[in-house]
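Q: Pasting a structure here, questions to come.
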Protein chains: 2
Amino acid sequence: MGLEHDNNSHQVRHIFQKAAPTRAFEDIVRQIEEAIISGELKPHERLPSERELQQIFGVGRASVREAIRVLESNGMVEVRTGAVSGGIFVKPISTATTVEALQRLFLLEKISERELVEFRQAVEGITGYWAAKRATDEDIRRIQEIVDNTEPGDIRWDEFHDADVEFHLAVAEAAKNRINLIVMKAVRQTMIRVMRNVFKTLMTRRQARDAIIQEHRAILEAIRNRDAERARDLMVSHIITFYKDIL
Amino acid sequence: MGLEHDNNSHQVRHIFQKAAPTRAFEDIVRQIEEAIISGELKPHERLPSERELQQIFGVGRASVREAIRVLESNGMVEVRTGAVSGGIFVKPISTATTVEALQRLFLLEKISERELVEFRQAVEGITGYWAAKRATDEDIRRIQEIVDNTEPGDIRWDEFHDADVEFHLAVAEAAKNRINLIVMKAVRQTMIRVMRNVFKTLMTRRQARDAIIQEHRAILEAIRNRDAERARDLMVSHIITFYKDIL
DNA sequence: TTTATAAGAATGGAAGAACCATTACACTCC
DNA sequence: GGAGTGTAATGGTTCTTCCATTCTTATAAA
């Protein structure tokens, strides 16, 4: 299926590393990366300017800039121009970069709709289960608010879609597992790109909208009643119902 | 839990984009990226040299190089030096870069052991379920081979760990869902880094090794018998048994 | 005094030239 | 033939110079 031979990931014994000559920017990336991961450099903290880093690392400015580009593309630093406010800053943790990386991989791999829907179904199910066990009063209040504010009519399909996403992310937050949350974001974001027409068709029909809202209410009730099995089952059938016509 | 406010990802209405002045390398990255994702540029295909790209895009060589660094860090191109064999090449699809990105995020977020184990349990369960429904004869033969080749004694703990990983990845392949596979790789790789001592302790004990191998055999039998529910339940309890002492 | 304007300084963005290190190929010499 | 050598093309790197942006400060005007 295309993943079998990528970088010998199944050849489990990793004793030797590839002996590539280290490039200057790689050293710089490694050092700054370690400082950020270890917490030595804190979010929003400012790094020395490019010209200072050039002196510190004893390299040319181009090498410093290439290192910054890599760190920037990995979502670890942020760059601003200007005299006083400008500079290189440690970026606060964000899922955005990683979600983009996941999405890029899904697109390149040509992940099928079946895989997306199927995976979503599994993860959403377990999310409902955990949410029912762990949701705080505040979580439940928030989900309630989202459900109450979702109007079945008078909004565009993409607005309704956004409201749906908001509900599912709120439930995922209540489940208190951030891996879940990150993966769900990536899957959902890839879906809306790959299956745009499916969403548009389904979320335009008033009947489908009513059903979705009703199911959201039922899931919320199960969570409120701490009925984890029911929350899971409702969530799974919620997903199945939605996609049943297209798979 | 730290994810709530990252980049307004919960503020679902994305109408406007940030109006940042485009930098030269960003344009180059975007164009090459689109060419790769669309398939216009194929894996292993060679891009024009840096000096040619400089002419093509009408920019300085530094801008070209910064663009290459970004693409390289995203795992989309590969760079080799030298006259004939050297150049910039489209990299075949690989999960490695994305798995690294996920792992980096998990470490930065300080994802807890509870979250890792819990998520693994859920995903492995559904993996066993699907594997029982979809494994080909070749898949089953491969899993059988791995199980048969796993010796409970006379190997180091990390060798036994690698064999265990191999089993679970083989099952994940049989499940025919690549999202599953990608996520499992990332979770497992983060676990071995964060919970190294746990693995070392558990996988050193002969008793634990015997239990693991026996459970692997049972899971394989369930898959062979196409008993999806049983495969799922066995897989879940396999994970629970392993971690029960540490959570 | 307040406000508008201009100059200055420090930042990242960018171009261009020059050189080095690596690699494969073609050629020469033995 | 085989071993060595030159050559050309590639990415790696530095240096210099300048531009665009952004804030601070000084100055002039109201």
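Note on naming: chains are A, B, ... as they come in the structure tokens, residues start from 1 per chain, ligands start from 1 in the order shown.
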So that I can check the surroundings of Ala218 of chain A, please list as a list in words every protein, DNA and RNA residue that reaches within 12 Å of it, counting only C-alpha atoms (C1' of nucleotides) and ignoring chain neighbours fewer than 4 positions away.
A: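 Contacts, with the query itself left out: Gly128, Ile143, Gln144, Val147, Ala211, Ile212, Ile213, Gln214, Ala222, Ile223, Arg224, Asn225, Asp227, Arg230, Ala231, Arg232, Asp233, Leu234, Met235, Ser237 and His238 of chain A.
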Q: Could you produce a table of the residues of chain D lying within 12 Å of segment 50-56 of chain B, with the nearest pair of atoms per residue and their separation in Å rounded to one decimal, using only C-alpha atoms (C1' of nucleotides), ordered by chain and increasing residue number, as CSV?
A:
```
residue,atom,partner,partner_atom,distance
D:DA9,C1',B:Arg51,CA,10.7
D:DT10,C1',B:Glu50,CA,8.8
D:DG11,C1',B:Glu50,CA,8.0
D:DG12,C1',B:Glu50,CA,11.6
```
Q: Given the selection you just returned, output its residues as a file containing N, CA and C atoms (P, O5', C5', C4', C3', O3' and C1' of nucleotides), formatted as a PDB file, in the first residue's frame.
A:
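Final output, again-v6.pdb:
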```pdb
ATOM      1  P    DA D   9      29.996  22.408 -17.649  1.00  0.00           P
ATOM      2  O5'  DA D   9      28.939  21.975 -16.546  1.00  0.00           O
ATOM      3  C5'  DA D   9      28.488  20.628 -16.491  1.00  0.00           C
ATOM      4  C4'  DA D   9      28.045  20.297 -15.097  1.00  0.00           C
ATOM      5  C3'  DA D   9      27.208  21.397 -14.433  1.00  0.00           C
ATOM      6  O3'  DA D   9      25.956  20.876 -14.011  1.00  0.00           O
ATOM      7  C1'  DA D   9      28.939  20.670 -12.990  1.00  0.00           C
ATOM      8  P    DT D  10      24.823  21.820 -13.445  1.00  0.00           P
ATOM      9  O5'  DT D  10      24.824  21.507 -11.881  1.00  0.00           O
ATOM     10  C5'  DT D  10      24.402  20.228 -11.424  1.00  0.00           C
ATOM     11  C4'  DT D  10      24.969  19.963 -10.062  1.00  0.00           C
ATOM     12  C3'  DT D  10      24.566  20.957  -8.973  1.00  0.00           C
ATOM     13  O3'  DT D  10      23.309  20.629  -8.462  1.00  0.00           O
ATOM     14  C1'  DT D  10      26.856  20.275  -8.777  1.00  0.00           C
ATOM     15  P    DG D  11      22.497  21.758  -7.651  1.00  0.00           P
ATOM     16  O5'  DG D  11      23.142  21.672  -6.214  1.00  0.00           O
ATOM     17  C5'  DG D  11      22.920  20.512  -5.424  1.00  0.00           C
ATOM     18  C4'  DG D  11      23.903  20.470  -4.265  1.00  0.00           C
ATOM     19  C3'  DG D  11      23.569  21.414  -3.102  1.00  0.00           C
ATOM     20  O3'  DG D  11      23.968  20.787  -1.894  1.00  0.00           O
ATOM     21  C1'  DG D  11      25.680  21.938  -3.942  1.00  0.00           C
ATOM     22  P    DG D  12      23.766  21.546  -0.480  1.00  0.00           P
ATOM     23  O5'  DG D  12      25.212  22.192  -0.247  1.00  0.00           O
ATOM     24  C5'  DG D  12      26.260  21.376   0.260  1.00  0.00           C
ATOM     25  C4'  DG D  12      27.336  22.216   0.946  1.00  0.00           C
ATOM     26  C3'  DG D  12      26.795  23.205   1.985  1.00  0.00           C
ATOM     27  O3'  DG D  12      27.685  23.203   3.117  1.00  0.00           O
ATOM     28  C1'  DG D  12      28.017  24.381   0.349  1.00  0.00           C
TER      29       DG D  12
END
```
Q: At a cut-off of 10 Å, which residues of chain C touch chain B? Count only C-alpha atoms (C1' of nucleotides) and give the answer as a PyMOL selection string.
A: chain C and resi 13-16+21-25
Q: Those same residues - C-alpha atoms (C1' of nucleotides) - I'd like them written as a PDB file, in the first residue's frame.
A:
```pdb
ATOM      1  C1'  DG C  13      15.003  40.293   2.885  1.00  0.00           C
ATOM      2  C1'  DA C  14      17.686  39.905  -1.088  1.00  0.00           C
ATOM      3  C1'  DA C  15      21.195  40.042  -4.921  1.00  0.00           C
ATOM      4  C1'  DG C  16      25.607  38.961  -6.650  1.00  0.00           C
ATOM      5  C1'  DA C  21      34.204  20.351  -1.690  1.00  0.00           C
ATOM      6  C1'  DT C  22      32.283  16.604  -3.999  1.00  0.00           C
ATOM      7  C1'  DT C  23      31.413  13.702  -7.805  1.00  0.00           C
ATOM      8  C1'  DA C  24      31.435  11.490 -12.285  1.00  0.00           C
ATOM      9  C1'  DC C  25      33.297  11.381 -16.665  1.00  0.00           C
TER      10       DC C  25
END
```
Q: As an exercise, work out the distance from atom CA of Gln121 of chain A to atom CA of Asp137 of chain B in Å and give it to one decimal place.
A: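 Taking atom CA of Gln121 of chain A and atom CA of Asp137 of chain B, their separation equals 26.6 Å.
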Q: Show me, as a ChimeraX atom specification, the residues that have an atom within 10 Å of Thr97 of chain B when counting only C-alpha atoms (C1' of nucleotides), minus same-chain residues fewer than 2 positions from it.
A: /A:101-102,105 /B:72-76,93-95,99-103
Q: Using only C-alpha atoms, find each residue of chain B with at least one atom at most 6 Å away from an atom of chain A; report its shortest atom-to-atom pair and that distance in Å (one decimal), sort the rows by chain and rising residue number, and return the result as CSV.
A:
```
residue,atom,partner,partner_atom,distance
B:Asp6,CA,A:Ser94,CA,5.3
B:Val12,CA,A:Asp162,CA,5.8
B:Ile37,CA,A:Leu108,CA,5.9
B:Glu66,CA,A:Glu66,CA,5.4
B:Val70,CA,A:Val70,CA,5.6
B:Ser94,CA,A:Asp6,CA,5.2
B:Thr98,CA,A:Ala101,CA,5.9
B:Ala101,CA,A:Thr98,CA,5.9
B:Leu108,CA,A:Ile37,CA,6.0
B:Glu115,CA,A:Asn177,CA,5.5
B:Asp162,CA,A:Val12,CA,5.9
B:Asn177,CA,A:Glu115,CA,5.5
```
Q: Could you please take those selected residues and save N, CA, C and O atoms as a compact mmCIF listing (two decimals), in the first residue's frame?
A:
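Output saved as again-v1.txt:
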```txt
# COMPACT_ATOMS: atom_id res chain seq x y z
N ASP B 6 -4.53 27.57 20.35
CA ASP B 6 -3.47 27.67 19.36
C ASP B 6 -4.01 28.14 18.02
O ASP B 6 -4.81 27.49 17.37
N VAL B 12 -13.80 29.17 14.31
CA VAL B 12 -13.89 28.36 13.11
C VAL B 12 -14.02 29.16 11.81
O VAL B 12 -13.70 28.66 10.74
N ILE B 37 2.73 17.75 -5.40
CA ILE B 37 1.46 17.18 -4.94
C ILE B 37 0.56 16.83 -6.12
O ILE B 37 -0.12 15.80 -6.12
N GLU B 66 17.02 28.82 0.22
CA GLU B 66 16.12 28.84 1.37
C GLU B 66 14.85 28.05 1.06
O GLU B 66 14.33 27.32 1.91
N VAL B 70 13.37 24.51 3.00
CA VAL B 70 12.01 24.29 3.51
C VAL B 70 11.45 23.00 2.94
O VAL B 70 10.91 22.15 3.67
N SER B 94 7.26 9.38 2.10
CA SER B 94 7.76 8.73 3.30
C SER B 94 7.02 9.25 4.50
O SER B 94 6.69 10.43 4.59
N THR B 98 6.86 13.14 8.67
CA THR B 98 5.63 13.46 9.38
C THR B 98 5.63 12.84 10.78
O THR B 98 5.18 13.46 11.74
N ALA B 101 7.59 15.03 12.89
CA ALA B 101 6.85 16.24 13.24
C ALA B 101 5.87 15.95 14.37
O ALA B 101 5.74 16.72 15.32
N LEU B 108 6.95 18.56 22.76
CA LEU B 108 6.75 19.95 23.16
C LEU B 108 5.52 20.10 24.04
O LEU B 108 5.50 20.85 25.00
N GLU B 115 -1.93 9.58 28.23
CA GLU B 115 -2.49 9.86 26.91
C GLU B 115 -1.92 8.91 25.85
O GLU B 115 -2.63 8.42 24.98
N ASP B 162 11.95 -4.37 19.51
CA ASP B 162 11.84 -4.20 18.06
C ASP B 162 10.97 -5.29 17.44
O ASP B 162 10.18 -5.03 16.53
N ASN B 177 -5.38 0.32 6.65
CA ASN B 177 -5.71 1.74 6.86
C ASN B 177 -4.43 2.46 7.21
O ASN B 177 -3.88 2.30 8.30
```
Q: Quick one, how far is atom CA of Ile32 of chain B from atom CA of Lys91 of chain B?
A: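 Going from atom CA of Ile32 of chain B over to atom CA of Lys91 of chain B, I get 12.4 Å.
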